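As structure tokens, the structure follows; a few thoughts come after it.
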Protein chains: 8
Amino acid sequence: MDVLIMMGSDSDLPVMEKATVLLKEMGVSYRMHISSAHRTPERTVELIREAEASGAKVIIAGAGGAAHLPGVIAAYTTLPVIGVPLTSWALDGMDALLSIAQMPPGIPVATVAINGAKNAALLAVAILAIGDSSLKGKLLEYREKMAMEVIEKDRRLERG
Amino acid sequence: MDVLIMMGSDSDLPVMEKATVLLKEMGVSYRMHISSAHRTPERTVELIREAEASGAKVIIAGAGGAAHLPGVIAAYTTLPVIGVPLTSWALDGMDALLSIAQMPPGIPVATVAINGAKNAALLAVAILAIGDSSLKGKLLEYREKMAMEVIEKDRRLERG
Amino acid sequence: MDVLIMMGSDSDLPVMEKATVLLKEMGVSYRMHISSAHRTPERTVELIREAEASGAKVIIAGAGGAAHLPGVIAAYTTLPVIGVPLTSWALDGMDALLSIAQMPPGIPVATVAINGAKNAALLAVAILAIGDSSLKGKLLEYREKMAMEVIEKDRRLERG
Amino acid sequence: MDVLIMMGSDSDLPVMEKATVLLKEMGVSYRMHISSAHRTPERTVELIREAEASGAKVIIAGAGGAAHLPGVIAAYTTLPVIGVPLTSWALDGMDALLSIAQMPPGIPVATVAINGAKNAALLAVAILAIGDSSLKGKLLEYREKMAMEVIEKDRRLERG
Amino acid sequence: MDVLIMMGSDSDLPVMEKATVLLKEMGVSYRMHISSAHRTPERTVELIREAEASGAKVIIAGAGGAAHLPGVIAAYTTLPVIGVPLTSWALDGMDALLSIAQMPPGIPVATVAINGAKNAALLAVAILAIGDSSLKGKLLEYREKMAMEVIEKDRRLERG
Amino acid sequence: MDVLIMMGSDSDLPVMEKATVLLKEMGVSYRMHISSAHRTPERTVELIREAEASGAKVIIAGAGGAAHLPGVIAAYTTLPVIGVPLTSWALDGMDALLSIAQMPPGIPVATVAINGAKNAALLAVAILAIGDSSLKGKLLEYREKMAMEVIEKDRRLERG
Amino acid sequence: MDVLIMMGSDSDLPVMEKATVLLKEMGVSYRMHISSAHRTPERTVELIREAEASGAKVIIAGAGGAAHLPGVIAAYTTLPVIGVPLTSWALDGMDALLSIAQMPPGIPVATVAINGAKNAALLAVAILAIGDSSLKGKLLEYREKMAMEVIEKDRRLERG
Amino acid sequence: MDVLIMMGSDSDLPVMEKATVLLKEMGVSYRMHISSAHRTPERTVELIREAEASGAKVIIAGAGGAAHLPGVIAAYTTLPVIGVPLTSWALDGMDALLSIAQMPPGIPVATVAINGAKNAALLAVAILAIGDSSLKGKLLEYREKMAMEVIEKDRRLERG
């Protein structure tokens with residue numbers, strides 16, 4: 001398993017699943033778990049230990065509101081942790097963005113956009129691709145495909 | 001010991017010491033520790049366990065930036081946790097306020113004002129005073145003294 | 001009666017009732033009142049006096065917009081006051097959060113998350129549990145049940 | 001006495017005194033008091049009652065942080081209340097602005113700019129000038145003088 | 001005519017009409033106009049001049065977005081101007097609140113809550129009531145009625 | 001005269017003068033005036049009329065706080081108006097940015113960065129350069145010079 | 001072609017088309033393209049070069065979220081670039097507004113209101129009208145028509 | 001060379017140098033360049049191409065204000081890009097944080113805290129350590145040293 005995906009609640013699933021779609025497309029193995037930094041703190045630590053033992057190389061964690069999960073995970077591992085701020089019951093994700101991005105000196109979290117689970121997966125792929133030229137190839141193809149889609153849309157616009 | 005005071009860094013000390021001044025004034029016993037939710041997560045859990053074993057009844061935790069400390073503590077104890085958002089390197093404490101206040105359903109943190117360490121101590125005293133009429137008396141006296149000071153300032157203003 | 005729940009308007013009821021559900025579940029007695037800091041200020045003070053006389057130990061107050069109710073209550077009692085910022089007609093609860101959290105030195109309000117009435121009740125229970133080991137037991141059970149639910153959701157996710 | 005000026009703390013005096021300078025210039029009588037919505041709530045109500053009895057027509061109240069004072073005063077009087085949000089220990093006055101402006105339906109506060117004590121006084125004068133043509137004259141003169149100063153500065157700029 | 005109500009667009013009408021409902025209830029005469037600070041600046045000035053000539057004593061102006069209308073009106077009259085920040089196409093009224101409240105020294109606008117047209121009318125009534133004891137009586141009755149409604153709601157809640 | 005520069009107060013001069021430095025460097029003629037949207041509204045309109053009569057092609061207006069000046073100018077002219085939001089007594093320029101950028105449909109203001117007077121001048125030059133190839137040449141040179149300075153700094157960094 | 005309209009995604013089309021409606025009404029020629037600053041950066045540069053070669057005089061670019069498109073375009077051309085911040089998946093357009101307005105010294109973008117595509121077109125017309133008196137005439141007519149519509153609405157309001 | 005560090009201006013150097021200190025301490029090779037996304041866009045692209053050719057594995061980019069540099073770099077490379085939002089002339093880094101974090105789907109930037117250059121370096125090290133067990137060892141040591149420092153500070157506090 002290369003990537004561990006974590007979220008605190010099953011209500012985060014609809015957004016976080018965008019990460020799994022991308023990872024599958026790229027042929028990157030992952031495991032996904034629901035575990036809360038606050039409701040199941042010991043279980044969360046356990047899952048990190050297990051993931052490290054299973055060879056996980058990157059961890060993606062999504063969280064809303066106070067959004068401590070990515071930071072708590074980062075405290076227990078030296079693996080790169082990517083945090084996805086999620087919109088929740090108020091403030092449109094601004095609370096989660098600040099809670100995830102503003103980590104103190106010493107323990108970074110790689111923050112992506114609010115609800116940006118797909119970009120979290122792409123960032124994980126970019127990290128894994130450093131030592132994996134075949135994955136790098138897939139990432140380049142993905143970029144090209146995206147570019148093609150933009151250009152295709154532009155053509156359709158021109159044709160009216 | 002009745003109150004455990006926690007902070008993640010010695011740079012938080014100048015603000016958090018306002019809590020100790022108030023607790024001393026009220027004759028409430030406390031212990032104060034520096035331990036980080038991110039740099040010393042296991043030690044933080046240990047200190048909570050020790051505090052519970054020593055009969056601590058309330059925990060006060062100050063934190064700036066991502067400010068996870070109060071929430072992380074609350075995850076490991078059912079004691080009431082009071083969180084003090086601290087101003088830090090940017091955003092004037094707004095990041096800490098949101099990170100501490102916006103805790104998810106199930107694990108509350110009692111948030112006070114930005115840099116409000118004194119009010120955290122007063123809240124701890126109010127909680128302890130529920131089962132302690134002598135402490136309640138001291139709290140009432142404190143309130144009266146505060147009121148007197150305001151009235152005295154008003155008089156001085158009138159006299160010019 | 002252990003807990004007094006206050007709100008300024010019956011439009012706050014749908015959120016604030018989450019507090020009563022939790023208190024009932026925990027077997028904590030409460031009384032709930034609608035009284036406004038601005039439209040019925042004297043009645044609000046009266047209700048606080050009555051609650052204190054009836055042995056209330058904690059007060060929970062929900063308010064939106066300028067959200068003065070928790071602070072006004074705190075001015076008239078030394079009991080711990082828990083404030084619930086409510087979303088209202090604009091700004092997604094940010095106005096209420098700041099109005100409740102940013103209390104001046106001397107008169108704290110224990111602020112919980114925006115619309116966090118359930119957490120307000122849990123905080124009240126945590127406070128009452130300091131002197132009540134049976135209630136503490138219930139709180140620990142509640143925590144365990146929550147943890148179990150998270151773990152159960154995680155298992156369901158794994159089974160797909 | 002026409003205008004009552006209130007503030008919660010003597011630290012608000014340097015800003016609030018700008019109101020008195022303007023009122024003196026306009027020959028409007030005023031009284032100024034320090035009384036806190038939270039530390040001296042009963043005294044605050046008393047001062048409002050006294051001011052009403054003494055014929056006060058407008059009340060100006062300055063407050064920072066949670067800034068409840070103007071709203072609390074408005075709850076106890078039907079006189080027009082002008083609120084001045086003050087910058088305090090954090091958030092640059094945004095907390096006070098929201099706490100004062102976002103009053104619930106039924107009890108308005110006339111909010112002016114952050115630290116805008118002078119404008120609060122000018123608004124009070126504008127209100128008093130409705131029934132007082134001599135005061136209206138002074139207000140028109142004041143406006144003209146301001147305009148002249150701007151034009152004079154413009155001329156100095158042109159002359160370089 | 002005692003009150004002039006202004007707004008920049010007929011899309012502001014649904015909110016601003018709450019002011020007219022209140023003024024009718026209080027028996028206060030008013031005139032309402034649509035005129036934009038930006039699209040019809042000269043007409044706006046004309047309407048202010050006409051209103052002053054017709055004996056208007058207070059002006060209420062609602063505006064969203066950049067929300068210059070209340071400030072522009074205040075520049076052309078010494079009558080008290082009450083500004084109502086309106087929610088519009090983005091930012092939930094925060095833009096209008098800042099644009100109306102943060103007027104520069106010399107030209108105040110009495111800002112009320114976002115979408116607070118009813119409170120604008122109540123503030124206008126409070127201003128007019130200074131010199132009109134019968135109107136003051138109506139305002140006191142209105143307050144009492146509001147209080148009664150709150151108390152009635154509280155009773156209904158108690159009866160369950 | 002090609003460019004009219006306006007500001008509401010001489011306290012805006014230190015920032016707004018950066019625009020004049022740039023215009024001089026580019027050989028673009030300008031006139032600069034202090035006139036307030038609120039304190040000298042008629043004079044402001046007069047200056048716009050005069051500028052149009054003198055052949056002004058672009059207007060730059062700086063303002064802080066409620067920052068109505070650029071929008072008020074745009075209401076009286078069809079010339080392109082560039083608005084410079086200025087930091088003032090609170091909120092770090094956010095109030096001015098929103099007040100200038102959020103103009104209603106029909107009357108645009110070209111908003112630049114907070115305190116961005118130099119960029120306002122560069123934008124004016126870019127606009128004037130559309131019909132003036134010599135000015136376009138100067139703008140291209142300016143760009144090149146800027147690029148050279150960046151590259152020079154990079155070289156100095158490399159040499160350590 | 002006088003105006004190039006750019007946007008990063010076809011999801012921006014419903015807002016950006018308001019610009020084309022206005023330009024058509026004014027008889028201003030334009031070309032519209034979808035090209036992303038991030039997904040098709042080279043294509044974006046190409047389109048700017050083509051537009052310059054085809055005699056484009058103004059560029060309008062709409063973008064949401066990080067909203068780099070207008071600034072990236074401005075880096076490759078000295079033509080005036082008008083940026084339209086778009087609301088997207090979170091934060092109501094505030095992210096795009098700051099990303100577009102806060103350009104560094106040297107490379108300005110003329111920012112209009114959030115979703116203000118129509119005003120972007122009007123600003124482009126105002127810029128083109130500097131050297132085109134017939135276009136200026138159309139702009140004046142447009143202003144007059146807008147004013148008439150406001151006045152007509154006001155009359156309808158008066159007639160009830 | 002493993003890491004390329006980029007910034008748009010030499011004024012960003014004092015913050016960004018914290019990244020170099022950390023990388024040196026960890027024995028990670030890096031190159032540092034000043035190149036602006038807006039003033040030297042082609043040079044920026046060139047430097048990315050050169051860095052990729054020289055075997056760079058991670059790019060760190062610091063930027064303030066509109067802060068496009070990290071996103072622009074990410075558009076031209078599939079290497080992981082770490083963005084450091086910098087405080088600049090206004091808004092305390094909030095503008096840069098949003099501009100860097102809110103990247104659109106397809107092109108992620110790994111955002112760290114405002115002014116968090118040291119954490120950017122630590123994140124780069126964590127990424128490089130995935131395929132380098134000796135570097136992982138250094139990272140673990142660094143963590144331990146940090147923990148020891150916290151514990152040492154705690155002891156000093158206890159000893160008073």
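So you can find residues: chains in the structure tokens are A, B, ... in the order shown, residues in each start at 1, and ligands are numbered from 1 in order.
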
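Assigned to strand (DSSP E or B) in segment 13-79 of chain F, given DSSP computed from backbone atoms, are Tyr30, Arg31, Met32, His33, Ile34, Val58, Ile59, Ile60, Ala61, Gly62, Ala63 and Gly64 of chain F.
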
Just want the 9 Å neighbourhood of segment 140-148 of chain A, counted on only C-alpha atoms, with same-chain residues fewer than 5 positions away dropped. Output as a count of residues only.
12

Need to verify the contact set: Met32 of chain H, 10 Å, only C-alpha atoms, exclusion of same-chain residues closer than 6 positions in sequence. Can you return it as a list in words?
Asp154, Leu157 and Glu158 of chain F; Val3, Leu4, Ile5, Met6, Met7, Leu13, Met16, Glu17, Thr20, Ile59, Ile60 and Ala61 of chain H

Write the residues of the selection above to a file with N, CA, C and O atoms, as an mmCIF file, in the first residue's frame.
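Writing the result to out32.cif gives the following:
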data_model
loop_
_atom_site.group_PDB
_atom_site.id
_atom_site.type_symbol
_atom_site.label_atom_id
_atom_site.label_comp_id
_atom_site.auth_asym_id
_atom_site.auth_seq_id
_atom_site.Cartn_x
_atom_site.Cartn_y
_atom_site.Cartn_z
ATOM 1 N N ASP F 154 18.960 38.159 -8.626
ATOM 2 C CA ASP F 154 19.173 36.715 -8.611
ATOM 3 C C ASP F 154 20.664 36.408 -8.742
ATOM 4 O O ASP F 154 21.198 35.543 -8.056
ATOM 5 N N LEU F 157 22.453 37.089 -5.568
ATOM 6 C CA LEU F 157 22.156 36.013 -4.629
ATOM 7 C C LEU F 157 23.065 34.811 -4.900
ATOM 8 O O LEU F 157 23.613 34.200 -3.970
ATOM 9 N N GLU F 158 23.235 34.494 -6.199
ATOM 10 C CA GLU F 158 24.065 33.334 -6.553
ATOM 11 C C GLU F 158 25.523 33.541 -6.153
ATOM 12 O O GLU F 158 26.175 32.625 -5.650
ATOM 13 N N VAL H 3 16.619 20.191 -4.128
ATOM 14 C CA VAL H 3 15.513 21.130 -3.903
ATOM 15 C C VAL H 3 15.812 22.463 -4.588
ATOM 16 O O VAL H 3 16.918 22.998 -4.453
ATOM 17 N N LEU H 4 14.826 22.982 -5.311
ATOM 18 C CA LEU H 4 14.923 24.337 -5.859
ATOM 19 C C LEU H 4 14.058 25.250 -4.987
ATOM 20 O O LEU H 4 12.877 24.960 -4.760
ATOM 21 N N ILE H 5 14.652 26.327 -4.504
ATOM 22 C CA ILE H 5 13.904 27.317 -3.714
ATOM 23 C C ILE H 5 13.738 28.566 -4.566
ATOM 24 O O ILE H 5 14.718 29.113 -5.065
ATOM 25 N N MET H 6 12.515 29.006 -4.708
ATOM 26 C CA MET H 6 12.227 30.177 -5.545
ATOM 27 C C MET H 6 11.480 31.240 -4.737
ATOM 28 O O MET H 6 10.641 30.919 -3.891
ATOM 29 N N MET H 7 11.785 32.498 -5.069
ATOM 30 C CA MET H 7 10.983 33.583 -4.484
ATOM 31 C C MET H 7 10.956 34.715 -5.499
ATOM 32 O O MET H 7 11.849 34.816 -6.352
ATOM 33 N N LEU H 13 13.691 37.201 1.092
ATOM 34 C CA LEU H 13 14.861 36.430 1.506
ATOM 35 C C LEU H 13 14.920 36.141 3.010
ATOM 36 O O LEU H 13 15.178 34.994 3.411
ATOM 37 N N MET H 16 12.594 33.249 3.625
ATOM 38 C CA MET H 16 12.892 32.035 2.864
ATOM 39 C C MET H 16 14.219 31.398 3.267
ATOM 40 O O MET H 16 14.421 30.196 3.084
ATOM 41 N N GLU H 17 15.130 32.194 3.814
ATOM 42 C CA GLU H 17 16.418 31.624 4.232
ATOM 43 C C GLU H 17 16.271 30.595 5.353
ATOM 44 O O GLU H 17 17.144 29.741 5.537
ATOM 45 N N THR H 20 16.667 27.315 3.898
ATOM 46 C CA THR H 20 18.035 26.871 3.577
ATOM 47 C C THR H 20 18.761 26.396 4.824
ATOM 48 O O THR H 20 19.527 25.437 4.773
ATOM 49 N N ILE H 59 10.242 21.422 -5.358
ATOM 50 C CA ILE H 59 10.416 22.873 -5.495
ATOM 51 C C ILE H 59 9.677 23.564 -4.355
ATOM 52 O O ILE H 59 8.539 23.216 -4.057
ATOM 53 N N ILE H 60 10.351 24.506 -3.728
ATOM 54 C CA ILE H 60 9.734 25.346 -2.693
ATOM 55 C C ILE H 60 9.631 26.754 -3.262
ATOM 56 O O ILE H 60 10.617 27.274 -3.782
ATOM 57 N N ALA H 61 8.442 27.362 -3.162
ATOM 58 C CA ALA H 61 8.289 28.720 -3.673
ATOM 59 C C ALA H 61 7.572 29.586 -2.646
ATOM 60 O O ALA H 61 6.500 29.223 -2.159
#

Counting only C-alpha atoms, which residues in chain F sit no more than 8 Å from chain E? For each one, give the nearest pair of atoms and the distance in Å, sorted by chain then residue number, as a Markdown table.
| residue | atom | partner | partner_atom | distance |
| --- | --- | --- | --- | --- |
| F:Ala37 | CA | E:Ala75 | CA | 7.3 |
| F:His38 | CA | E:Ala75 | CA | 4.4 |
| F:Arg39 | CA | E:Ala75 | CA | 6.3 |
| F:Thr40 | CA | E:Ala75 | CA | 7.8 |
| F:Pro41 | CA | E:Ala75 | CA | 6.6 |
| F:Gly65 | CA | E:Gln102 | CA | 5.2 |
| F:Ala66 | CA | E:Ser99 | CA | 4.4 |
| F:Ala67 | CA | E:Ser99 | CA | 7.3 |
| F:His68 | CA | E:His68 | CA | 6.2 |
| F:Gly71 | CA | E:His38 | CA | 7.2 |
| F:Val72 | CA | E:His38 | CA | 6.7 |
| F:Ala74 | CA | E:His38 | CA | 7.4 |
| F:Ala75 | CA | E:His38 | CA | 4.5 |
| F:Tyr76 | CA | E:Pro41 | CA | 7.4 |
| F:Asp95 | CA | E:Leu98 | CA | 5.4 |
| F:Ala96 | CA | E:Ser99 | CA | 7.5 |
| F:Leu98 | CA | E:Asp95 | CA | 5.4 |
| F:Ser99 | CA | E:Ala66 | CA | 4.4 |
| F:Ile100 | CA | E:Ala66 | CA | 6.4 |
| F:Ala101 | CA | E:Ala66 | CA | 7.2 |
| F:Gln102 | CA | E:Ala66 | CA | 4.7 |
| F:Met103 | CA | E:Ala66 | CA | 5.0 |
| F:Pro104 | CA | E:Gly65 | CA | 6.6 |
| F:Gly106 | CA | E:Arg39 | CA | 7.2 |
| F:Ile107 | CA | E:His38 | CA | 6.5 |

Neighbouring residues of Leu22 of chain G were defined as those with any atom within 8 Å, considering only C-alpha atoms; residues of the same chain fewer than 2 positions away were excluded. Please report them as a ChimeraX atom specification.
/G:18-20,24-26,118,121-122

Just-selected residues, N, CA and C atoms written as a short mmCIF file (atom, residue, chain, number, x, y, z; two decimals), in the first residue's frame:
data_model
loop_
_atom_site.label_atom_id
_atom_site.label_comp_id
_atom_site.auth_asym_id
_atom_site.auth_seq_id
_atom_site.Cartn_x
_atom_site.Cartn_y
_atom_site.Cartn_z
N LYS G 18 -21.88 37.50 -19.85
CA LYS G 18 -22.45 38.83 -19.64
C LYS G 18 -21.56 39.91 -20.27
N ALA G 19 -20.27 39.63 -20.31
CA ALA G 19 -19.35 40.59 -20.95
C ALA G 19 -19.61 40.65 -22.45
N THR G 20 -19.86 39.49 -23.06
CA THR G 20 -20.05 39.49 -24.52
C THR G 20 -21.35 40.19 -24.90
N LYS G 24 -21.31 43.27 -27.54
CA LYS G 24 -22.14 43.23 -28.76
C LYS G 24 -23.03 44.47 -28.84
N GLU G 25 -23.70 44.74 -27.71
CA GLU G 25 -24.59 45.90 -27.63
C GLU G 25 -23.86 47.19 -28.01
N MET G 26 -22.57 47.26 -27.67
CA MET G 26 -21.77 48.46 -27.94
C MET G 26 -21.07 48.38 -29.29
N LYS G 118 -19.99 41.97 -16.57
CA LYS G 118 -20.60 43.07 -17.31
C LYS G 118 -19.80 44.36 -17.08
N ALA G 121 -16.68 44.45 -19.06
CA ALA G 121 -16.91 44.88 -20.44
C ALA G 121 -17.10 46.39 -20.52
N LEU G 122 -17.84 46.96 -19.56
CA LEU G 122 -18.04 48.41 -19.55
C LEU G 122 -16.73 49.15 -19.36
#

Calculate how many Å separate atom CA of Arg31 of chain G from atom CA of Lys57 of chain F, rounding to one decimal.
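Separation of atom CA of Arg31 of chain G and atom CA of Lys57 of chain F: 25.6 Å.
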
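Distance-wise, atom CA of Arg49 of chain C and atom CA of Ala120 of chain C end up 21.2 Å apart.
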